[in-house]
Structure formats: C-alpha cells, structure tokens
$ cat upload-v1.txt   # compact mmCIF, C-alpha atoms
# COMPACT_ATOMS: atom_id res chain seq x y z
CA MET X 1 -18.82 -59.33 -13.34
CA SER X 2 -22.16 -60.69 -12.11
CA ALA X 3 -25.29 -58.50 -11.98
CA LYS X 4 -25.26 -58.88 -8.18
CA ALA X 5 -21.89 -57.14 -8.00
CA ARG X 6 -22.98 -54.19 -10.14
CA ARG X 7 -25.31 -51.26 -9.83
CA VAL X 8 -28.70 -52.22 -11.32
CA VAL X 9 -30.94 -49.56 -12.87
CA VAL X 10 -34.52 -50.27 -13.99
CA VAL X 11 -36.12 -47.88 -16.50
CA THR X 12 -39.78 -48.06 -17.52
CA GLY X 13 -41.06 -46.72 -20.84
CA ALA X 14 -37.66 -47.57 -22.30
CA SER X 15 -38.54 -48.12 -25.96
CA ARG X 16 -38.24 -44.50 -27.09
CA GLY X 17 -37.71 -40.86 -26.13
CA LEU X 18 -36.47 -40.13 -22.63
CA GLY X 19 -36.72 -43.75 -21.49
CA LEU X 20 -34.46 -44.96 -24.29
CA GLU X 21 -31.98 -42.20 -23.48
CA TRP X 22 -31.92 -43.13 -19.78
CA VAL X 23 -31.00 -46.68 -20.83
CA ARG X 24 -28.37 -45.49 -23.30
CA GLN X 25 -26.61 -43.20 -20.84
CA TYR X 26 -26.71 -45.61 -17.91
CA ARG X 27 -25.44 -48.37 -20.22
CA ASP X 28 -22.35 -46.24 -20.80
CA THR X 29 -21.78 -45.80 -17.06
CA PRO X 30 -19.13 -48.15 -15.61
CA ASP X 31 -20.25 -51.20 -13.63
CA THR X 32 -23.93 -50.61 -14.38
CA PHE X 33 -26.50 -53.11 -15.61
CA VAL X 34 -29.71 -51.61 -17.06
CA ILE X 35 -33.08 -53.32 -17.35
CA GLY X 36 -35.40 -51.57 -19.78
CA VAL X 37 -39.11 -52.18 -19.31
CA VAL X 38 -41.30 -51.91 -22.42
CA ARG X 39 -44.92 -52.58 -23.22
CA SER X 40 -44.04 -54.67 -26.28
CA LEU X 41 -40.84 -55.97 -27.81
CA HIS X 42 -42.44 -55.45 -31.22
CA THR X 43 -42.22 -51.66 -30.82
CA ALA X 44 -38.84 -51.57 -29.09
CA SER X 45 -36.45 -52.05 -32.01
CA ARG X 46 -34.14 -49.19 -31.00
CA LEU X 47 -33.88 -50.51 -27.45
CA LEU X 48 -33.25 -54.05 -28.65
CA GLU X 49 -30.22 -52.74 -30.55
CA LEU X 50 -28.71 -51.83 -27.17
CA VAL X 51 -29.24 -55.24 -25.58
CA ASP X 52 -26.00 -56.72 -24.31
CA GLU X 53 -25.75 -59.65 -21.93
CA GLU X 54 -23.29 -57.72 -19.79
CA ARG X 55 -24.97 -54.29 -19.80
CA VAL X 56 -28.62 -54.18 -20.98
CA ALA X 57 -31.63 -56.48 -20.71
CA VAL X 58 -35.27 -55.96 -21.65
CA VAL X 59 -38.48 -57.01 -19.88
CA GLU X 60 -42.04 -56.66 -21.18
CA ALA X 61 -44.68 -55.02 -18.96
CA ASP X 62 -47.78 -52.96 -19.61
CA MET X 63 -47.75 -50.16 -17.02
CA GLY X 64 -51.53 -50.00 -17.25
CA LYS X 65 -51.91 -53.59 -16.00
CA ALA X 66 -50.79 -53.66 -12.38
CA GLU X 67 -52.02 -57.23 -11.97
CA THR X 68 -49.01 -58.41 -14.03
CA PHE X 69 -46.35 -56.64 -11.97
CA GLY X 70 -45.66 -59.57 -9.66
CA ASP X 71 -44.46 -61.71 -12.56
CA VAL X 72 -42.47 -58.79 -13.97
CA ALA X 73 -40.73 -58.32 -10.61
CA LYS X 74 -39.71 -61.99 -10.65
CA SER X 75 -38.11 -61.51 -14.07
CA ILE X 76 -36.27 -58.43 -12.83
CA GLU X 77 -35.11 -60.27 -9.72
CA ARG X 78 -33.72 -63.08 -11.86
CA LEU X 79 -31.88 -60.69 -14.20
CA SER X 80 -30.61 -58.37 -11.46
CA GLY X 81 -29.23 -60.94 -9.06
CA GLY X 82 -31.76 -59.97 -6.41
CA HIS X 83 -31.34 -56.22 -6.08
CA VAL X 84 -32.23 -52.90 -7.74
CA ASP X 85 -30.27 -49.74 -6.98
CA ILE X 86 -32.20 -47.15 -9.00
CA LEU X 87 -35.75 -47.27 -10.37
CA ILE X 88 -36.66 -44.71 -13.03
CA ASN X 89 -40.46 -44.58 -13.42
CA ASN X 90 -40.54 -42.92 -16.83
CA ALA X 91 -43.46 -44.60 -18.64
CA ALA X 92 -46.42 -42.29 -19.25
CA VAL X 93 -49.18 -41.48 -21.72
CA MET X 94 -50.32 -38.04 -22.88
CA ILE X 95 -53.66 -38.31 -24.66
CA GLY X 96 -56.81 -36.30 -25.35
CA THR X 97 -57.00 -33.04 -23.42
CA GLY X 98 -53.85 -34.13 -21.64
CA ARG X 99 -52.03 -33.25 -24.84
CA SER X 100 -53.75 -29.90 -25.41
CA PHE X 101 -52.70 -26.46 -24.19
CA VAL X 102 -56.23 -25.07 -24.58
CA ASN X 103 -58.86 -27.81 -24.16
CA GLY X 104 -59.83 -28.26 -20.52
CA PRO X 105 -61.47 -31.05 -18.50
CA SER X 106 -64.95 -30.26 -19.85
CA LYS X 107 -63.72 -31.42 -23.27
CA SER X 108 -62.30 -34.67 -21.94
CA THR X 109 -63.69 -38.18 -21.55
CA LEU X 110 -63.78 -40.69 -18.73
CA ALA X 111 -61.82 -43.14 -20.88
CA GLU X 112 -59.00 -40.58 -21.29
CA TRP X 113 -58.70 -39.98 -17.54
CA ASP X 114 -58.96 -43.68 -16.77
CA GLU X 115 -56.10 -44.63 -19.09
CA THR X 116 -53.98 -41.65 -18.08
CA PHE X 117 -54.24 -42.38 -14.36
CA ARG X 118 -53.79 -46.14 -14.80
CA VAL X 119 -50.48 -45.62 -16.62
CA ASN X 120 -49.18 -42.37 -15.10
CA LEU X 121 -50.20 -42.86 -11.46
CA PHE X 122 -51.33 -46.39 -10.62
CA GLY X 123 -48.57 -47.85 -12.79
CA PRO X 124 -45.58 -46.27 -11.03
CA VAL X 125 -47.14 -46.62 -7.58
CA PHE X 126 -47.84 -50.34 -7.85
CA PHE X 127 -44.76 -51.14 -9.93
CA THR X 128 -42.67 -49.51 -7.21
CA ASN X 129 -44.52 -51.55 -4.58
CA THR X 130 -43.51 -54.81 -6.25
CA LEU X 131 -39.85 -53.73 -6.41
CA ILE X 132 -39.55 -52.49 -2.80
CA PRO X 133 -37.84 -55.72 -1.59
CA LEU X 134 -35.29 -55.48 -4.43
CA LEU X 135 -34.70 -51.78 -3.74
CA LEU X 136 -34.13 -52.48 -0.05
CA SER X 137 -31.49 -55.01 -1.10
CA GLY X 138 -29.71 -52.42 -3.26
CA ASN X 139 -26.98 -50.00 -2.29
CA GLU X 140 -28.32 -46.70 -3.64
CA ARG X 141 -32.04 -47.24 -2.93
CA LYS X 142 -33.33 -44.48 -5.21
CA VAL X 143 -36.70 -44.10 -6.94
CA VAL X 144 -37.18 -41.34 -9.51
CA ASN X 145 -40.71 -40.58 -10.69
CA LEU X 146 -40.56 -38.56 -13.91
CA SER X 147 -42.74 -35.50 -13.51
CA SER X 148 -43.47 -32.29 -15.41
CA LEU X 149 -44.15 -28.57 -15.11
CA GLY X 150 -47.81 -29.50 -14.71
CA ALA X 151 -47.08 -31.05 -11.32
CA ASP X 152 -46.07 -27.66 -9.95
CA ARG X 153 -49.35 -25.84 -9.21
CA ALA X 154 -47.77 -22.38 -9.13
CA LYS X 155 -45.88 -22.82 -12.40
CA HIS X 156 -48.87 -24.50 -14.03
CA GLY X 157 -51.11 -21.56 -13.12
CA GLU X 158 -48.49 -19.04 -14.22
CA LEU X 159 -48.23 -20.61 -17.68
CA ALA X 160 -52.02 -20.97 -17.93
CA VAL X 161 -51.89 -24.09 -20.09
CA GLN X 162 -54.23 -27.06 -19.75
CA LEU X 163 -52.66 -30.49 -20.39
CA ALA X 164 -55.62 -31.46 -18.22
CA SER X 165 -55.54 -35.19 -17.48
CA TYR X 166 -51.76 -35.40 -17.93
CA SER X 167 -50.89 -32.56 -15.55
CA ALA X 168 -53.40 -33.87 -12.99
CA SER X 169 -51.82 -37.32 -13.10
CA LYS X 170 -48.33 -35.89 -12.62
CA ALA X 171 -49.48 -33.73 -9.71
CA ALA X 172 -51.02 -36.83 -8.10
CA LEU X 173 -47.79 -38.77 -8.66
CA ALA X 174 -45.83 -36.00 -6.95
CA THR X 175 -48.06 -36.42 -3.90
CA ALA X 176 -47.63 -40.20 -4.00
CA THR X 177 -43.85 -39.64 -4.14
CA LEU X 178 -44.09 -37.68 -0.89
CA ASN X 179 -46.22 -40.44 0.63
CA PHE X 180 -43.57 -43.03 -0.28
CA HIS X 181 -40.88 -40.82 1.24
CA LEU X 182 -42.78 -40.53 4.51
CA GLU X 183 -43.28 -44.30 4.61
CA PHE X 184 -39.73 -45.40 3.78
CA LYS X 185 -37.34 -42.58 4.77
CA ASP X 186 -36.30 -44.40 7.93
CA ARG X 187 -35.31 -47.42 5.82
CA GLY X 188 -33.03 -45.40 3.57
CA LEU X 189 -35.14 -45.28 0.40
CA ILE X 190 -35.01 -41.97 -1.49
CA PHE X 191 -38.08 -41.00 -3.55
CA VAL X 192 -37.99 -37.90 -5.76
CA SER X 193 -40.26 -36.43 -8.45
CA LEU X 194 -38.05 -35.12 -11.24
CA SER X 195 -39.10 -32.82 -14.07
CA PRO X 196 -37.00 -33.45 -17.20
CA GLY X 197 -37.69 -29.95 -18.58
CA GLY X 198 -38.88 -29.19 -22.09
CA VAL X 199 -37.60 -32.07 -24.18
CA GLN X 200 -37.75 -32.78 -27.92
CA THR X 201 -39.69 -36.06 -27.94
CA ASP X 202 -42.85 -37.23 -29.70
CA MET X 203 -44.82 -35.53 -26.92
CA ASP X 204 -43.57 -32.14 -28.13
CA ASP X 205 -46.37 -31.58 -30.64
CA PHE X 206 -45.53 -27.91 -31.17
CA GLY X 207 -41.78 -28.28 -31.69
CA ILE X 208 -40.97 -25.73 -28.99
CA ALA X 209 -38.99 -27.83 -26.50
CA PRO X 210 -35.47 -26.42 -26.03
CA MET X 211 -33.57 -29.56 -24.98
CA THR X 212 -32.70 -32.82 -26.67
CA ALA X 213 -33.35 -36.04 -24.78
CA SER X 214 -29.58 -36.46 -24.44
CA GLU X 215 -29.18 -33.05 -22.79
CA SER X 216 -32.10 -33.55 -20.40
CA VAL X 217 -31.11 -37.05 -19.28
CA SER X 218 -27.50 -36.02 -18.80
CA HIS X 219 -28.62 -33.34 -16.32
CA CYS X 220 -31.06 -35.75 -14.65
CA ILE X 221 -28.48 -38.49 -14.17
CA SER X 222 -26.04 -35.99 -12.70
CA PHE X 223 -28.64 -35.00 -10.12
CA VAL X 224 -29.68 -38.59 -9.38
CA SER X 225 -26.05 -39.44 -8.63
CA ARG X 226 -25.97 -36.83 -5.87
CA MET X 227 -29.53 -37.22 -4.57
CA THR X 228 -29.77 -37.68 -0.81
CA ILE X 229 -32.53 -38.29 1.70
CA GLU X 230 -32.78 -34.49 2.05
CA ASP X 231 -34.29 -34.44 -1.45
CA GLY X 232 -36.80 -37.13 -0.50
CA GLY X 233 -40.43 -36.45 -1.30
CA GLN X 234 -39.62 -33.29 -3.25
CA LEU X 235 -40.40 -32.15 -6.80
CA ARG X 236 -37.09 -31.19 -8.39
CA ASN X 237 -36.00 -29.68 -11.69
CA TYR X 238 -33.79 -31.78 -13.99
CA ASP X 239 -30.67 -30.14 -12.51
CA GLY X 240 -31.81 -30.68 -8.94
CA SER X 241 -32.99 -27.12 -8.33
CA GLU X 242 -36.32 -26.39 -6.67
CA SER X 243 -37.56 -24.07 -9.45
CA ILE X 244 -39.27 -26.13 -12.15
CA VAL X 245 -38.52 -24.76 -15.62
CA ALA X 246 -38.71 -25.88 -19.24
CA ASP X 247 -35.69 -23.89 -20.46
CA LYS X 248 -32.14 -25.05 -20.83
CA PRO X 249 -29.80 -24.19 -17.95
CA ARG X 250 -28.12 -20.83 -18.41

$ encode --input "upload-v1.txt" --output "structure tokens"
Amino acid sequence: MSAKARRVVVVTGASRGLGLEWVRQYRDTPDTFVIGVVRSLHTASRLLELVDEERVAVVEADMGKAETFGDVAKSIERLSGGHVDILINNAAVMIGTGRSFVNGPSKSTLAEWDETFRVNLFGPVFFTNTLIPLLLSGNERKVVNLSSLGADRAKHGELAVQLASYSASKAALATATLNFHLEFKDRGLIFVSLSPGGVQTDMDDFGIAPMTASESVSHCISFVSRMTIEDGGQLRNYDGSESIVADKPR
C-alpha cells in the first residue's frame, strides 16, 4: 500500500521518551505510516530500530532552527505521498529554571529563555506553518501540541511550582494553538493542546511521575482518534477531559 493511501502521522522529538512511544504505538496501528522527526540520527538509535519501509521513516530536523523547516517539509512530502493526517508536536526542552520546582525567573538566564522558546514555541508554530499544505491534503487534519500542567494557569498556581521558562513556553504554545484554531477552523483543521500527564521520562528528575510513557500515549492516542472541531483551540488532559491532572485515571 502506498503512503498516499494510508494515514500519515508526523511526530517531532521522536528519538526518546514520549515521542518514541507515539511512533511505536502509531506504527502498530493498521494502515498508518509514521514519520519520526529527530534532531540527529546519531542519538536516535532506539527509533532507528523501528524503521520499516512500510511503516516508519525518520527525518532530521532541529526544532530550534526554523530556517531549515522548508527543506524538512519537502522531505516529509516526498515520504508521505503529499499529505499528512496528524501532526504531533512533541519536541521540547526543559532546562535551567524550567526544570526546577523552586527556582524562579530571577534565577534564570536570557540564554535559557531564548533556547526554551525557540524549541518549545517557535519550533512548533513554524514547523506547523510549513506543513499546513500537507495537512490540508490529509483526511484527518489534526495538530496536537504537547502541553503540560504548567500551561494551565489555575492548576499551575494551585501547585505553586516554578518550572519557570518551561511552563511559560507551554502556556504561550497553548495560546498559539487557539490562534491556529481561529485561523483554520473553517478549513477543517483541528488544533489541540494536550497534556500527557505525569510521565516517567528523563524529564522526571524526582521520580514521582505516576504513568509510564506507554500508558500516557495510549490515552492520548485514544483521545486524538475521537478529537473533533469542538475540541479545537482547547487545552485538554491526556484522556480528553478539561481538568488537567498529573495522576493516572481512576
């Protein structure tokens, strides 16, 4: 079956953690071709083990270098047969105060905020822009921007944790998601910010996350499959609910 006849899913930040799990689970979905986007093939050994001409391909792209996205989109167009059904903007960095529960913005640096916003905000915004023509040619027309508890101002304040530059970038991305929804809702594109919950990845420095990557992504994919335009522009929990939580579903 040609790529043009199948659902095509693009996942950024696919070399490890949640991104790798998105690729793995979509690979095991019938009639689905997955394109994993990684910063470097040299650090993507686990993803490369999944590569299969019929099910998984890999493309290199640095999400902090938007000037390269045009060439990346051409590679994706060639591999996908000219369409993308689902884009999962998963790639992100969590550095400096963005990785601390207690150190606030006054302890941060300009370099930290610059890198965080280039990868976590500018990256998904401008990467999405380059793939809009391919998404409009797809059947499902869905864009999922991976978010976090920090994007929910009420929950963030309730927990009283910092994650300064990281949470700020995710809150900004949630607003950009709404902006995309307002721009493209009449053309059938669905944009949603999706919090994966508390997940056991290398970003879980304190070992307190309750869910494995497999559990989180399984819930996320279930919700993405039933996402509609009514969800457009919203920040949703991994199971599709409006209450953003870190715990496992009860």

$ closest_residue --input "upload-v1.txt" --among "X:Tyr26, X:Ser218, X:Ser167, X:Leu146" --to "X:Ser193" --atoms "only C-alpha atoms"
X:Leu146

$ closest_residue --input "upload-v1.txt" --among "X:Asp239, X:Glu183, X:Glu67, X:Glu115" --to "X:Phe127" --atoms "only C-alpha atoms"
X:Glu67

$ residues_around --input "upload-v1.txt" --residues "X:Arg6" --least-positions-apart "2" --cutoff "12 Å" --atoms "only C-alpha atoms" --output "list of chain:residue names"
X:Met1, X:Ser2, X:Ala3, X:Lys4, X:Val8, X:Val9, X:Arg27, X:Thr29, X:Pro30, X:Asp31, X:Thr32, X:Phe33, X:Val34, X:Glu54, X:Arg55, X:Leu79, X:Ser80, X:Gly81, X:Gly82, X:His83, X:Val84, X:Asp85, X:Ile86, X:Gly138, X:Asn139, X:Glu140

$ closest_residue --input "upload-v1.txt" --among "X:Ala92, X:Ser148, X:Asn179, X:Leu189" --to "X:Tyr238" --atoms "all atoms listed in the file"
X:Ser148

$ residues_around --input "upload-v1.txt" --residues "X:Val37" --least-positions-apart "2" --cutoff "12 Å" --atoms "all atoms listed in the file" --output "ChimeraX atom specification"
/X:9-16,19-20,22-23,34-35,39-41,43-44,47-48,56-63,69,72-73,75-76,87-91,127

$ closest_residue --input "upload-v1.txt" --among "X:Ala66, X:Leu149, X:Leu182, X:Ala171" --to "X:Phe126" --atoms "all atoms listed in the file"
X:Ala66

$ residues_around --input "upload-v1.txt" --residues "X:Leu173" --least-positions-apart "4" --cutoff "9 Å" --atoms "all atoms listed in the file" --output "VMD selection string"
chain X and resid 120 to 122 124 to 125 145 to 147 151 168 to 169 177 to 178 193

$ atom_distance --input "upload-v1.txt" --atom1 "atom CA of X:Glu215" --atom2 "atom CA of X:Asp52"
23.9 Å

$ residues_around --input "upload-v1.txt" --residues "X:Leu110" --least-positions-apart "4" --cutoff "12 Å" --atoms "all atoms listed in the file" --output "number ranges by chain"
X: 95-97, 105-106, 114-117, 165
